[in-house]
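Input: a single structure, listed below in structure tokens.
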Amino acid sequence: MSDIFTPGQPGPAGDEYPRLQELIDAGVPAELHPWLGESGVGSLVVRMGIRFLEMSPERMVATMPVEGNQQVAGILHGGAHMVLAETLGSFAAAMHAGPGRYAVGIEIGATHHRSVSEGLVTGTAEAIHLGGTLTTHEVVMTDGGGRRLSTARITNLIRDVR
């Protein structure tokens with residue numbers, strides 16, 4: 001298994017950060033480019049338009065546009081909420097795992113409080129527990145007016161790279 005979450009792993013020879021533009025477009029801070037330079041942020045993150053504003057194991061914040069992520073009734077799809085929550089919780093857990101370790105989601109659940117049909121959604125993941133083998137984050141999604149749209153909880157298992 002490759003370890004795409006260990007900071008400082010260079011990309012292929014002659015191409016230190018093959019996904020540099022993807023990282024820039026997603027708002028990944030320059031100091032994290034060595035960590036994600038080879039793997040990037042993932043095609044789903046790109047497709048959903050997720051853009052990171054803060055990145056740490058304790059707190060991770062990102063935005064996602066409603067447009068393009070709606071269900072047939074014209075509101076943000078419930079699955080889009082879950083994608084944002086999973087992205088934030090998993091990236092935060094992977095950062096916490098550190099070199100030689102990786103995180104894998106083992107549980108996620110959400111409650112949807114209200115709908116939104118336009119604008120940007122902001123997701124904020126805050127650590128509830130950062131342990132040696134498990135992490136748990138609460139992720140709150142809000143609209144442009146700061147109203148809570150949904151609340152999710154994600155737990156990740158921390159594993160050693162074999």
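FYI, nothing fancy with the structure tokens labels: chains A, B, ... in order, residues from 1 per chain, ligands from 1 as they appear.
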(Q) If you run DSSP on the backbone here, which positions in segment 55-113 of chain A get strand (DSSP E)? Please write them as a VMD selection string. (A) chain A and resid 55 59 to 65 101 to 112
Neighbour list for segment 155-159 of chain A as a JSON list (two decimals) with N, CA, C and O atoms, in the first residue's frame, cut-off 10 Å, only C-alpha atoms, skip fewer than 3 positions in-chain:
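File selection-v1.json, as written:
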[["chain", "number", "residue", "atom", "x", "y", "z"],
["A", 86, "GLU", "N", -16.80, 14.13, 4.85],
["A", 86, "GLU", "CA", -15.81, 13.06, 4.73],
["A", 86, "GLU", "C", -14.45, 13.62, 4.33],
["A", 86, "GLU", "O", -13.41, 13.21, 4.86],
["A", 89, "GLY", "N", -13.00, 15.60, 7.49],
["A", 89, "GLY", "CA", -12.62, 14.70, 8.57],
["A", 89, "GLY", "C", -11.47, 13.78, 8.21],
["A", 89, "GLY", "O", -10.57, 13.54, 9.02],
["A", 90, "SER", "N", -11.47, 13.29, 6.98],
["A", 90, "SER", "CA", -10.42, 12.37, 6.56],
["A", 90, "SER", "C", -9.08, 13.08, 6.37],
["A", 90, "SER", "O", -8.03, 12.54, 6.74],
["A", 92, "ALA", "N", -8.14, 15.81, 7.93],
["A", 92, "ALA", "CA", -7.67, 16.17, 9.28],
["A", 92, "ALA", "C", -7.08, 14.94, 9.98],
["A", 92, "ALA", "O", -6.03, 15.02, 10.62],
["A", 93, "ALA", "N", -7.75, 13.80, 9.85],
["A", 93, "ALA", "CA", -7.26, 12.57, 10.47],
["A", 93, "ALA", "C", -5.94, 12.13, 9.86],
["A", 93, "ALA", "O", -5.03, 11.68, 10.57],
["A", 94, "ALA", "N", -5.81, 12.27, 8.55],
["A", 94, "ALA", "CA", -4.55, 11.91, 7.87],
["A", 94, "ALA", "C", -3.40, 12.80, 8.34],
["A", 94, "ALA", "O", -2.28, 12.32, 8.53],
["A", 96, "HIS", "N", -3.23, 14.19, 11.28],
["A", 96, "HIS", "CA", -2.95, 13.74, 12.64],
["A", 96, "HIS", "C", -2.14, 12.44, 12.63],
["A", 96, "HIS", "O", -1.24, 12.26, 13.46],
["A", 97, "ALA", "N", -2.43, 11.54, 11.70],
["A", 97, "ALA", "CA", -1.74, 10.25, 11.65],
["A", 97, "ALA", "C", -0.24, 10.42, 11.52],
["A", 97, "ALA", "O", 0.53, 9.70, 12.15],
["A", 98, "GLY", "N", 0.20, 11.36, 10.70],
["A", 98, "GLY", "CA", 1.62, 11.64, 10.56],
["A", 98, "GLY", "C", 2.35, 10.65, 9.67],
["A", 98, "GLY", "O", 1.75, 9.74, 9.09],
["A", 100, "GLY", "N", 4.32, 7.71, 7.95],
["A", 100, "GLY", "CA", 4.29, 6.27, 8.11],
["A", 100, "GLY", "C", 2.95, 5.70, 8.54],
["A", 100, "GLY", "O", 2.85, 4.51, 8.83],
["A", 101, "ARG", "N", 1.94, 6.56, 8.61],
["A", 101, "ARG", "CA", 0.61, 6.13, 9.02],
["A", 101, "ARG", "C", -0.42, 6.71, 8.06],
["A", 101, "ARG", "O", -0.14, 7.65, 7.34],
["A", 102, "TYR", "N", -1.62, 6.17, 8.07],
["A", 102, "TYR", "CA", -2.69, 6.70, 7.24],
["A", 102, "TYR", "C", -4.01, 6.53, 7.96],
["A", 102, "TYR", "O", -4.13, 5.78, 8.93],
["A", 103, "ALA", "N", -5.01, 7.25, 7.49],
["A", 103, "ALA", "CA", -6.33, 7.22, 8.10],
["A", 103, "ALA", "C", -7.34, 6.62, 7.13],
["A", 103, "ALA", "O", -7.27, 6.87, 5.93],
["A", 104, "VAL", "N", -8.26, 5.86, 7.67],
["A", 104, "VAL", "CA", -9.34, 5.29, 6.86],
["A", 104, "VAL", "C", -10.64, 5.46, 7.62],
["A", 104, "VAL", "O", -10.73, 5.15, 8.81],
["A", 105, "GLY", "N", -11.64, 6.02, 6.94],
["A", 105, "GLY", "CA", -12.93, 6.25, 7.57],
["A", 105, "GLY", "C", -13.62, 4.95, 7.93],
["A", 105, "GLY", "O", -13.65, 4.02, 7.13],
["A", 106, "ILE", "N", -14.18, 4.89, 9.15],
["A", 106, "ILE", "CA", -14.90, 3.69, 9.56],
["A", 106, "ILE", "C", -16.36, 3.98, 9.92],
["A", 106, "ILE", "O", -17.17, 3.07, 10.00],
["A", 107, "GLU", "N", -16.70, 5.26, 10.12],
["A", 107, "GLU", "CA", -18.10, 5.60, 10.39],
["A", 107, "GLU", "C", -18.33, 7.07, 10.06],
["A", 107, "GLU", "O", -17.50, 7.92, 10.36],
["A", 108, "ILE", "N", -19.47, 7.34, 9.46],
["A", 108, "ILE", "CA", -19.89, 8.72, 9.21],
["A", 108, "ILE", "C", -21.42, 8.76, 9.27],
["A", 108, "ILE", "O", -22.08, 7.83, 8.81],
["A", 109, "GLY", "N", -21.93, 9.82, 9.85],
["A", 109, "GLY", "CA", -23.38, 10.01, 9.91],
["A", 109, "GLY", "C", -23.67, 11.49, 9.95],
["A", 109, "GLY", "O", -22.83, 12.29, 10.37],
["A", 128, "ILE", "N", -12.95, 16.06, 17.95],
["A", 128, "ILE", "CA", -13.55, 15.64, 19.21],
["A", 128, "ILE", "C", -12.55, 14.76, 19.95],
["A", 128, "ILE", "O", -12.40, 14.84, 21.16],
["A", 129, "HIS", "N", -11.85, 13.90, 19.17],
["A", 129, "HIS", "CA", -10.88, 12.98, 19.75],
["A", 129, "HIS", "C", -9.75, 12.76, 18.74],
["A", 129, "HIS", "O", -10.01, 12.44, 17.58],
["A", 130, "LEU", "N", -8.51, 12.95, 19.17],
["A", 130, "LEU", "CA", -7.33, 12.68, 18.35],
["A", 130, "LEU", "C", -6.47, 11.68, 19.11],
["A", 130, "LEU", "O", -5.61, 12.06, 19.91],
["A", 131, "GLY", "N", -6.71, 10.40, 18.88],
["A", 131, "GLY", "CA", -5.98, 9.36, 19.59],
["A", 131, "GLY", "C", -4.93, 8.70, 18.72],
["A", 131, "GLY", "O", -4.69, 9.09, 17.58],
["A", 132, "GLY", "N", -4.32, 7.68, 19.27],
["A", 132, "GLY", "CA", -3.29, 6.95, 18.55],
["A", 132, "GLY", "C", -3.84, 6.02, 17.48],
["A", 132, "GLY", "O", -3.16, 5.73, 16.51],
["A", 133, "THR", "N", -5.08, 5.56, 17.67],
["A", 133, "THR", "CA", -5.67, 4.65, 16.69],
["A", 133, "THR", "C", -7.00, 5.14, 16.11],
["A", 133, "THR", "O", -7.43, 4.63, 15.08],
["A", 134, "LEU", "N", -7.65, 6.09, 16.77],
["A", 134, "LEU", "CA", -8.93, 6.62, 16.29],
["A", 134, "LEU", "C", -8.95, 8.14, 16.37],
["A", 134, "LEU", "O", -8.39, 8.72, 17.30],
["A", 135, "THR", "N", -9.60, 8.74, 15.40],
["A", 135, "THR", "CA", -9.91, 10.17, 15.46],
["A", 135, "THR", "C", -11.40, 10.33, 15.21],
["A", 135, "THR", "O", -12.00, 9.55, 14.46],
["A", 136, "THR", "N", -11.99, 11.33, 15.83],
["A", 136, "THR", "CA", -13.39, 11.66, 15.58],
["A", 136, "THR", "C", -13.49, 13.17, 15.41],
["A", 136, "THR", "O", -12.91, 13.93, 16.20],
["A", 137, "HIS", "N", -14.18, 13.59, 14.37],
["A", 137, "HIS", "CA", -14.40, 15.01, 14.10],
["A", 137, "HIS", "C", -15.89, 15.28, 13.94],
["A", 137, "HIS", "O", -16.61, 14.47, 13.37],
["A", 138, "GLU", "N", -16.31, 16.42, 14.45],
["A", 138, "GLU", "CA", -17.65, 16.92, 14.17],
["A", 138, "GLU", "C", -17.50, 17.93, 13.04],
["A", 138, "GLU", "O", -16.62, 18.79, 13.08],
["A", 162, "ARG", "N", 2.20, -0.55, 5.71],
["A", 162, "ARG", "CA", 2.94, -1.84, 5.71],
["A", 162, "ARG", "C", 4.03, -1.80, 4.69],
["A", 162, "ARG", "O", 3.94, -1.29, 3.65]]
Any chance you could tabulate, as CSV, the residues of segment 99-143 of chain A at most 7 Å from segment 62-71 of chain A with each one's nearest atom pair and distance in Å to one decimal, using only C-alpha atoms, in chain and rising number order?
residue,atom,partner,partner_atom,distance
A:Ser117,CA,A:Val66,CA,6.5
A:Glu118,CA,A:Val66,CA,5.3
A:Gly119,CA,A:Val66,CA,5.7
A:Leu120,CA,A:Pro65,CA,4.4
A:Val121,CA,A:Met64,CA,5.3
A:Thr122,CA,A:Thr63,CA,4.4
A:Gly123,CA,A:Ala62,CA,5.4
A:Thr124,CA,A:Ala62,CA,6.8
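Of the listed residues A:Ala127, A:Pro57, A:Met48, A:Arg147, the one whose atoms come nearest to Gly79 of chain A is A:Met48, with distances taken using only C-alpha atoms.
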Q.
At a cut-off of 8 Å, using only C-alpha atoms, what residues contact Gly49 of chain A? Leave out same-chain residues fewer than 2 positions from it and give the result as a ChimeraX atom specification.
A. /A:26,45-47,51,64-65
Serialized selection, N, CA and C atoms, as a JSON list (two decimals), in the first residue's frame:
[["chain", "number", "residue", "atom", "x", "y", "z"],
["A", 26, "ALA", "N", -7.24, 24.18, -5.13],
["A", 26, "ALA", "CA", -8.02, 23.72, -3.99],
["A", 26, "ALA", "C", -7.69, 24.50, -2.72],
["A", 45, "VAL", "N", -12.91, 15.69, -4.88],
["A", 45, "VAL", "CA", -12.74, 17.02, -4.30],
["A", 45, "VAL", "C", -12.72, 18.07, -5.41],
["A", 46, "VAL", "N", -11.99, 17.78, -6.47],
["A", 46, "VAL", "CA", -11.92, 18.70, -7.61],
["A", 46, "VAL", "C", -13.29, 18.84, -8.25],
["A", 47, "ARG", "N", -13.96, 17.72, -8.52],
["A", 47, "ARG", "CA", -15.27, 17.72, -9.19],
["A", 47, "ARG", "C", -16.33, 18.47, -8.39],
["A", 51, "ARG", "N", -12.82, 23.86, -1.77],
["A", 51, "ARG", "CA", -11.64, 24.72, -1.62],
["A", 51, "ARG", "C", -11.33, 24.88, -0.14],
["A", 64, "MET", "N", -17.67, 24.81, -0.53],
["A", 64, "MET", "CA", -18.12, 24.03, -1.67],
["A", 64, "MET", "C", -19.30, 24.77, -2.29],
["A", 65, "PRO", "N", -19.32, 24.93, -3.60],
["A", 65, "PRO", "CA", -20.47, 25.61, -4.23],
["A", 65, "PRO", "C", -21.71, 24.72, -4.23]]
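Note that atom CA of Ala152 of chain A and atom CA of Glu38 of chain A are 29.1 Å apart.
When the distance limit is 12 Å and only C-alpha atoms are what count, the residues near Gly42 of chain A, minus those fewer than 5 positions from it on the same chain, are Ile4, Arg19, Glu22, Leu23, Ala26, Leu36, Gly37, Arg47, Met48, Gly49, Ile50, Val83, Thr87 and Phe91 of chain A.
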Generate a file of the selected residues that holds C-alpha atoms, formatted as a PDB file, in the first residue's frame.
ATOM      1  CA  ILE A   4      -0.028   9.239   0.078  1.00  0.00           C
ATOM      2  CA  ARG A  19      -0.330  17.965  -8.962  1.00  0.00           C
ATOM      3  CA  GLU A  22      -4.611  21.086  -8.388  1.00  0.00           C
ATOM      4  CA  LEU A  23      -3.312  21.926  -4.892  1.00  0.00           C
ATOM      5  CA  ALA A  26      -8.017  23.723  -3.987  1.00  0.00           C
ATOM      6  CA  LEU A  36      -0.083  16.146  -1.186  1.00  0.00           C
ATOM      7  CA  GLY A  37       2.158  17.002  -4.149  1.00  0.00           C
ATOM      8  CA  ARG A  47     -15.265  17.721  -9.187  1.00  0.00           C
ATOM      9  CA  MET A  48     -17.260  19.029  -6.193  1.00  0.00           C
ATOM     10  CA  GLY A  49     -15.380  22.351  -6.216  1.00  0.00           C
ATOM     11  CA  ILE A  50     -14.130  22.019  -2.632  1.00  0.00           C
ATOM     12  CA  VAL A  83     -18.680  14.365   0.679  1.00  0.00           C
ATOM     13  CA  THR A  87     -13.205  15.170   2.963  1.00  0.00           C
ATOM     14  CA  PHE A  91      -7.845  15.016   5.635  1.00  0.00           C
TER      15      PHE A  91
END
Could you tell me, as a tab-separated table (two decimals) with C-alpha atoms, in the first residue's frame, which residues of chain A DSSP assigns to alpha helix (DSSP H) when given the backbone?
chain	number	residue	atom	x	y	z
A	20	LEU	CA	0.78	21.44	-7.94
A	21	GLN	CA	-1.91	23.31	-9.89
A	22	GLU	CA	-4.61	21.09	-8.39
A	23	LEU	CA	-3.31	21.93	-4.89
A	24	ILE	CA	-3.24	25.65	-5.64
A	25	ASP	CA	-6.76	25.58	-7.09
A	33	HIS	CA	2.41	20.79	-0.94
A	34	PRO	CA	5.10	18.22	-0.04
A	35	TRP	CA	2.42	16.14	1.71
A	36	LEU	CA	-0.08	16.15	-1.19
A	43	SER	CA	-10.80	13.80	-8.30
A	44	LEU	CA	-14.02	14.00	-6.25
A	45	VAL	CA	-12.74	17.02	-4.30
A	46	VAL	CA	-11.92	18.70	-7.61
A	47	ARG	CA	-15.27	17.72	-9.19
A	48	MET	CA	-17.26	19.03	-6.19
A	78	GLY	CA	-27.51	15.36	0.96
A	79	GLY	CA	-24.66	13.27	-0.43
A	80	ALA	CA	-22.75	16.48	-1.20
A	81	HIS	CA	-22.95	17.36	2.50
A	82	MET	CA	-21.45	13.95	3.26
A	83	VAL	CA	-18.68	14.37	0.68
A	84	LEU	CA	-17.65	17.66	2.27
A	85	ALA	CA	-17.77	16.15	5.77
A	86	GLU	CA	-15.81	13.06	4.73
A	87	THR	CA	-13.20	15.17	2.96
A	88	LEU	CA	-12.63	17.44	5.94
A	89	GLY	CA	-12.62	14.70	8.57
A	90	SER	CA	-10.42	12.37	6.56
A	91	PHE	CA	-7.85	15.02	5.64
A	92	ALA	CA	-7.67	16.17	9.28
A	93	ALA	CA	-7.26	12.57	10.47
A	94	ALA	CA	-4.55	11.91	7.87
A	95	MET	CA	-2.65	14.98	9.05
A	96	HIS	CA	-2.95	13.74	12.64
A	97	ALA	CA	-1.74	10.25	11.65
